[in-house]
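Asks: Following this message is one structure expressed as structure tokens.
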Amino acid sequence: MFELFKNLGSWLTSGAMWSGTDGIAHRLAEHLQYSLLATLVATAIALPVGLLIGHTGKGAFLAINLSSFGRALPTVGLVVLVFLASGLSMWPVYIALVALAVPSIVTNTYAGMTAVDPDVKDAARGQGMRWYQILFQVELPLALPLIMTGLRLALIQVVSTATVAAYVSFGGLGRFVFDGLAQRDLVQVLGGAVLVAAVAVVLDLTLSALQRILFRHRPA
């Protein structure tokens with residue numbers, strides 16, 4: 001076991017492993033590209049849906065059950081299904097990652113909207129504010145902490161799952177995992193897994209700190 005971790009340390013700190021198109025730096029850039037783009041697309045889809053459901057109160061069943069759907073989604077199976085339909089491209093990976101991220105964003109946006117005090121909304125109506133003013137000037141700012149939590153959860157899920165890109169012969173940190181398995185190289189497999197976990201932890205801590213900074217003056 002000591003020898004394994006010693007070899008892992010050498011693998012992670014080797015200059016040769018960080019250079020070139022097959023190096024850690026390039027694979028990390030690919031992994032972040034897949035993850036950030038998928039999360040951005042998922043946000044563009046899920047945020048309006050969550051806001052609409054939370055504001056109108058219609059479709060709550062959808063928002064509540066999307067969370068269970070997200071946990072039960074067979075990501076690799078979805079990648080393979082879309083891969084068979086569309087051929088060799090990044091579409092299967094992006095579709096699977098977006099589908100994984102949408103439930104967290106919708107459910108947290110809905111939860112944030114429903115947590116807004118009804119008396120606050122009634123007061124806004126009493127002042128003559130229109131529905132879109134209430135939505136964007138009252139409900140959205142108050143729901144923002146929970147919405148950001150949903151975005152944070154979605155991004156971490158996507159980062160952890162973006163290894164599936166390597167399953168259909170594309171890049172990312174998953175390349176080390178799948179290539180290591182094919183070559184029976186345990187150090188490479190463990191190295192890829194450690195890198196994915198490290199990226200997820202760093203992003204989570206960064207977003208958590210940013211969230212605390214942005215909302216430090218809000219009452220608990």
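Scheme for the structure tokens: letters A, B, ... for chains in order shown; per-chain residue numbers from 1; ligand numbers from 1 in order shown.
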Report as a ChimeraX atom specification all protein, DNA and RNA residues lying within 8 Å of Leu97 (chain A), evaluated on only C-alpha atoms, omitting residues in the same chain fewer than 2 positions from it.
Replies: /A:35,38-39,75,93-95,99-101,158,161-162
Asks: Restricting the output to all heavy atoms, write the selected residues as a PDB file, in the first residue's frame.
Replies:
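Here's the written file again00.pdb:
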ATOM      1  N   SER A  35     -17.613  20.442 -17.866  1.00  0.00           N
ATOM      2  CA  SER A  35     -18.420  20.652 -16.655  1.00  0.00           C
ATOM      3  C   SER A  35     -19.081  22.023 -16.640  1.00  0.00           C
ATOM      4  O   SER A  35     -20.286  22.144 -16.366  1.00  0.00           O
ATOM      5  CB  SER A  35     -17.544  20.482 -15.409  1.00  0.00           C
ATOM      6  OG  SER A  35     -16.933  19.207 -15.381  1.00  0.00           O
ATOM      7  N   ALA A  38     -21.769  22.418 -19.498  1.00  0.00           N
ATOM      8  CA  ALA A  38     -22.981  21.647 -19.191  1.00  0.00           C
ATOM      9  C   ALA A  38     -23.783  22.314 -18.078  1.00  0.00           C
ATOM     10  O   ALA A  38     -25.018  22.394 -18.149  1.00  0.00           O
ATOM     11  CB  ALA A  38     -22.606  20.220 -18.788  1.00  0.00           C
ATOM     12  N   THR A  39     -23.088  22.819 -17.054  1.00  0.00           N
ATOM     13  CA  THR A  39     -23.780  23.490 -15.950  1.00  0.00           C
ATOM     14  C   THR A  39     -24.426  24.788 -16.421  1.00  0.00           C
ATOM     15  O   THR A  39     -25.537  25.129 -15.992  1.00  0.00           O
ATOM     16  CB  THR A  39     -22.810  23.774 -14.796  1.00  0.00           C
ATOM     17  OG1 THR A  39     -22.168  22.554 -14.402  1.00  0.00           O
ATOM     18  CG2 THR A  39     -23.546  24.353 -13.600  1.00  0.00           C
ATOM     19  N   THR A  75     -26.528   7.686 -15.818  1.00  0.00           N
ATOM     20  CA  THR A  75     -25.781   8.604 -16.672  1.00  0.00           C
ATOM     21  C   THR A  75     -25.063   7.884 -17.809  1.00  0.00           C
ATOM     22  O   THR A  75     -25.144   8.295 -18.966  1.00  0.00           O
ATOM     23  CB  THR A  75     -24.752   9.386 -15.829  1.00  0.00           C
ATOM     24  OG1 THR A  75     -25.407   9.956 -14.698  1.00  0.00           O
ATOM     25  CG2 THR A  75     -24.112  10.480 -16.648  1.00  0.00           C
ATOM     26  N   VAL A  93     -22.375  13.154 -24.145  1.00  0.00           N
ATOM     27  CA  VAL A  93     -21.822  13.566 -22.852  1.00  0.00           C
ATOM     28  C   VAL A  93     -22.525  14.807 -22.335  1.00  0.00           C
ATOM     29  O   VAL A  93     -22.960  14.867 -21.176  1.00  0.00           O
ATOM     30  CB  VAL A  93     -20.306  13.824 -22.986  1.00  0.00           C
ATOM     31  CG1 VAL A  93     -19.737  14.342 -21.664  1.00  0.00           C
ATOM     32  CG2 VAL A  93     -19.583  12.556 -23.409  1.00  0.00           C
ATOM     33  N   TYR A  94     -22.665  15.821 -23.190  1.00  0.00           N
ATOM     34  CA  TYR A  94     -23.308  17.064 -22.758  1.00  0.00           C
ATOM     35  C   TYR A  94     -24.769  16.847 -22.374  1.00  0.00           C
ATOM     36  O   TYR A  94     -25.248  17.408 -21.387  1.00  0.00           O
ATOM     37  CB  TYR A  94     -23.193  18.123 -23.850  1.00  0.00           C
ATOM     38  CG  TYR A  94     -21.844  18.783 -23.910  1.00  0.00           C
ATOM     39  CD1 TYR A  94     -21.101  18.796 -25.082  1.00  0.00           C
ATOM     40  CD2 TYR A  94     -21.299  19.393 -22.782  1.00  0.00           C
ATOM     41  CE1 TYR A  94     -19.857  19.404 -25.133  1.00  0.00           C
ATOM     42  CE2 TYR A  94     -20.056  19.994 -22.826  1.00  0.00           C
ATOM     43  CZ  TYR A  94     -19.335  19.997 -24.005  1.00  0.00           C
ATOM     44  OH  TYR A  94     -18.103  20.604 -24.035  1.00  0.00           O
ATOM     45  N   ILE A  95     -25.486  16.047 -23.145  1.00  0.00           N
ATOM     46  CA  ILE A  95     -26.899  15.777 -22.832  1.00  0.00           C
ATOM     47  C   ILE A  95     -27.018  15.085 -21.476  1.00  0.00           C
ATOM     48  O   ILE A  95     -27.869  15.443 -20.647  1.00  0.00           O
ATOM     49  CB  ILE A  95     -27.553  14.930 -23.942  1.00  0.00           C
ATOM     50  CG1 ILE A  95     -27.718  15.776 -25.208  1.00  0.00           C
ATOM     51  CG2 ILE A  95     -28.904  14.382 -23.492  1.00  0.00           C
ATOM     52  CD1 ILE A  95     -28.213  15.008 -26.408  1.00  0.00           C
ATOM     53  N   ALA A  99     -28.708  16.814 -18.213  1.00  0.00           N
ATOM     54  CA  ALA A  99     -29.831  16.116 -17.581  1.00  0.00           C
ATOM     55  C   ALA A  99     -29.558  15.840 -16.109  1.00  0.00           C
ATOM     56  O   ALA A  99     -30.471  15.841 -15.277  1.00  0.00           O
ATOM     57  CB  ALA A  99     -30.110  14.805 -18.320  1.00  0.00           C
ATOM     58  N   LEU A 100     -28.294  15.635 -15.761  1.00  0.00           N
ATOM     59  CA  LEU A 100     -27.923  15.395 -14.367  1.00  0.00           C
ATOM     60  C   LEU A 100     -28.022  16.676 -13.539  1.00  0.00           C
ATOM     61  O   LEU A 100     -28.415  16.645 -12.364  1.00  0.00           O
ATOM     62  CB  LEU A 100     -26.501  14.845 -14.311  1.00  0.00           C
ATOM     63  CG  LEU A 100     -25.915  14.577 -12.925  1.00  0.00           C
ATOM     64  CD1 LEU A 100     -26.613  13.393 -12.271  1.00  0.00           C
ATOM     65  CD2 LEU A 100     -24.414  14.310 -13.018  1.00  0.00           C
ATOM     66  N   ALA A 101     -27.671  17.816 -14.148  1.00  0.00           N
ATOM     67  CA  ALA A 101     -27.614  19.080 -13.412  1.00  0.00           C
ATOM     68  C   ALA A 101     -28.973  19.739 -13.239  1.00  0.00           C
ATOM     69  O   ALA A 101     -29.199  20.443 -12.249  1.00  0.00           O
ATOM     70  CB  ALA A 101     -26.662  20.048 -14.123  1.00  0.00           C
ATOM     71  N   VAL A 158     -21.825  17.431 -11.698  1.00  0.00           N
ATOM     72  CA  VAL A 158     -21.362  17.363 -13.086  1.00  0.00           C
ATOM     73  C   VAL A 158     -19.857  17.104 -13.144  1.00  0.00           C
ATOM     74  O   VAL A 158     -19.395  16.268 -13.936  1.00  0.00           O
ATOM     75  CB  VAL A 158     -21.718  18.665 -13.836  1.00  0.00           C
ATOM     76  CG1 VAL A 158     -20.992  18.741 -15.175  1.00  0.00           C
ATOM     77  CG2 VAL A 158     -23.220  18.749 -14.062  1.00  0.00           C
ATOM     78  N   THR A 161     -19.108  13.570 -12.504  1.00  0.00           N
ATOM     79  CA  THR A 161     -19.639  12.626 -13.493  1.00  0.00           C
ATOM     80  C   THR A 161     -19.058  12.839 -14.881  1.00  0.00           C
ATOM     81  O   THR A 161     -19.231  12.002 -15.757  1.00  0.00           O
ATOM     82  CB  THR A 161     -21.180  12.744 -13.566  1.00  0.00           C
ATOM     83  OG1 THR A 161     -21.718  12.745 -12.241  1.00  0.00           O
ATOM     84  CG2 THR A 161     -21.800  11.586 -14.323  1.00  0.00           C
ATOM     85  N   ALA A 162     -18.353  13.943 -15.091  1.00  0.00           N
ATOM     86  CA  ALA A 162     -17.820  14.262 -16.422  1.00  0.00           C
ATOM     87  C   ALA A 162     -16.776  13.259 -16.893  1.00  0.00           C
ATOM     88  O   ALA A 162     -16.339  13.314 -18.052  1.00  0.00           O
ATOM     89  CB  ALA A 162     -17.238  15.672 -16.434  1.00  0.00           C
TER      90      ALA A 162
END
Asks: Please report, as number ranges by chain, each residue of region 114-214 of chain A to which DSSP assigns alpha helix (DSSP H) when run on this structure's backbone.
Replies: A: 114, 118-126, 131-134, 140-161, 174-183, 186-214
Asks: From the set A:Leu155, A:Ala193, A:Trp131, A:Phe176, which residue has the shortest atom-to-atom contact distance to Tyr34 (chain A), counting only C-alpha atoms?
Replies: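 For Tyr34 (chain A), the nearest of the candidates is A:Leu155.
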Asks: May I ask for the distance between CA of Glu139 (chain A) and CA of Leu52 (chain A), given in Å to one decimal place?
Replies: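 We find that CA of Glu139 (chain A) and CA of Leu52 (chain A) lie 11.2 Å from each other.
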Asks: Write out as a VMD selection string which residues come within 8 Å of Gly50 (chain A) when counting only C-alpha atoms, dropping same-chain ones fewer than 3 positions away.
Replies: chain A and resid 46 to 47 53 to 54 63 105 to 110
Asks: Output N, CA and C atoms for every residue in that selection, as a PDB file, in the first residue's frame.
Replies:
ATOM      1  N   ALA A  46     -33.021  25.219 -16.486  1.00  0.00           N
ATOM      2  CA  ALA A  46     -33.680  24.913 -15.218  1.00  0.00           C
ATOM      3  C   ALA A  46     -34.083  26.137 -14.413  1.00  0.00           C
ATOM      4  N   LEU A  47     -33.295  27.203 -14.473  1.00  0.00           N
ATOM      5  CA  LEU A  47     -33.592  28.377 -13.649  1.00  0.00           C
ATOM      6  C   LEU A  47     -34.945  29.007 -13.997  1.00  0.00           C
ATOM      7  N   ILE A  53     -42.275  27.826 -11.700  1.00  0.00           N
ATOM      8  CA  ILE A  53     -43.009  26.923 -10.805  1.00  0.00           C
ATOM      9  C   ILE A  53     -43.136  27.544  -9.409  1.00  0.00           C
ATOM     10  N   GLY A  54     -42.050  28.121  -8.923  1.00  0.00           N
ATOM     11  CA  GLY A  54     -42.078  28.715  -7.591  1.00  0.00           C
ATOM     12  C   GLY A  54     -42.977  29.934  -7.512  1.00  0.00           C
ATOM     13  N   ALA A  63     -41.305  19.686  -9.809  1.00  0.00           N
ATOM     14  CA  ALA A  63     -40.098  20.143  -9.117  1.00  0.00           C
ATOM     15  C   ALA A  63     -39.678  19.173  -8.022  1.00  0.00           C
ATOM     16  N   ILE A 105     -30.956  22.178  -9.808  1.00  0.00           N
ATOM     17  CA  ILE A 105     -31.218  23.609  -9.987  1.00  0.00           C
ATOM     18  C   ILE A 105     -32.707  23.903  -9.885  1.00  0.00           C
ATOM     19  N   VAL A 106     -33.529  23.064 -10.524  1.00  0.00           N
ATOM     20  CA  VAL A 106     -34.981  23.275 -10.476  1.00  0.00           C
ATOM     21  C   VAL A 106     -35.499  23.156  -9.050  1.00  0.00           C
ATOM     22  N   THR A 107     -35.118  22.093  -8.361  1.00  0.00           N
ATOM     23  CA  THR A 107     -35.663  21.848  -7.022  1.00  0.00           C
ATOM     24  C   THR A 107     -35.203  22.915  -6.020  1.00  0.00           C
ATOM     25  N   ASN A 108     -33.956  23.346  -6.096  1.00  0.00           N
ATOM     26  CA  ASN A 108     -33.478  24.369  -5.167  1.00  0.00           C
ATOM     27  C   ASN A 108     -34.056  25.741  -5.497  1.00  0.00           C
ATOM     28  N   THR A 109     -34.251  26.021  -6.773  1.00  0.00           N
ATOM     29  CA  THR A 109     -34.888  27.282  -7.150  1.00  0.00           C
ATOM     30  C   THR A 109     -36.329  27.308  -6.659  1.00  0.00           C
ATOM     31  N   TYR A 110     -37.016  26.206  -6.855  1.00  0.00           N
ATOM     32  CA  TYR A 110     -38.399  26.097  -6.376  1.00  0.00           C
ATOM     33  C   TYR A 110     -38.459  26.234  -4.849  1.00  0.00           C
TER      34      TYR A 110
END
Asks: Which neighbours of Gln211 (chain A) fall inside 10 Å, counting only C-alpha atoms, when residues of the same chain fewer than 6 positions from it are skipped, and could you give them as a VMD selection string?
Replies: chain A and resid 144 to 146 148 to 149 152 205
Asks: Residues at most 10 Å from region 12-18 of chain A, counting only C-alpha atoms, excluding those fewer than 2 positions away in the same chain, as a list in words?
Replies: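 Residues meeting the cut-off are Asn7, Leu8, Gly9, Ser10, Gly20, Thr21, Asp22, Gly23, Ile24, Ala25, His26, Arg27, Leu28, Val187, Gln188, Gly191, Gly192, Val194 and Leu195 of chain A.
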Asks: Limited to C-alpha atoms, could you put the picked residues into a file as a PDB file, in the first residue's frame?
Replies:
ATOM      1  CA  ASN A   7       4.043   5.768  -6.979  1.00  0.00           C
ATOM      2  CA  LEU A   8       0.883   7.883  -6.994  1.00  0.00           C
ATOM      3  CA  GLY A   9       2.816  10.834  -5.553  1.00  0.00           C
ATOM      4  CA  SER A  10       5.490  10.413  -8.213  1.00  0.00           C
ATOM      5  CA  GLY A  20       1.378  17.663 -23.688  1.00  0.00           C
ATOM      6  CA  THR A  21      -2.115  16.932 -24.948  1.00  0.00           C
ATOM      7  CA  ASP A  22      -2.286  13.790 -22.807  1.00  0.00           C
ATOM      8  CA  GLY A  23      -1.000  15.555 -19.691  1.00  0.00           C
ATOM      9  CA  ILE A  24      -2.879  16.439 -16.520  1.00  0.00           C
ATOM     10  CA  ALA A  25      -3.086  20.175 -17.311  1.00  0.00           C
ATOM     11  CA  HIS A  26      -4.724  19.572 -20.703  1.00  0.00           C
ATOM     12  CA  ARG A  27      -7.081  16.911 -19.361  1.00  0.00           C
ATOM     13  CA  LEU A  28      -8.035  19.206 -16.469  1.00  0.00           C
ATOM     14  CA  VAL A 187      -1.593   4.146 -10.242  1.00  0.00           C
ATOM     15  CA  GLN A 188      -3.105   5.894 -13.277  1.00  0.00           C
ATOM     16  CA  GLY A 191      -4.461   9.296  -9.994  1.00  0.00           C
ATOM     17  CA  GLY A 192      -7.435  10.097 -12.217  1.00  0.00           C
ATOM     18  CA  VAL A 194      -7.849  11.642  -6.969  1.00  0.00           C
ATOM     19  CA  LEU A 195      -7.727  14.496  -9.494  1.00  0.00           C
TER      20      LEU A 195
END
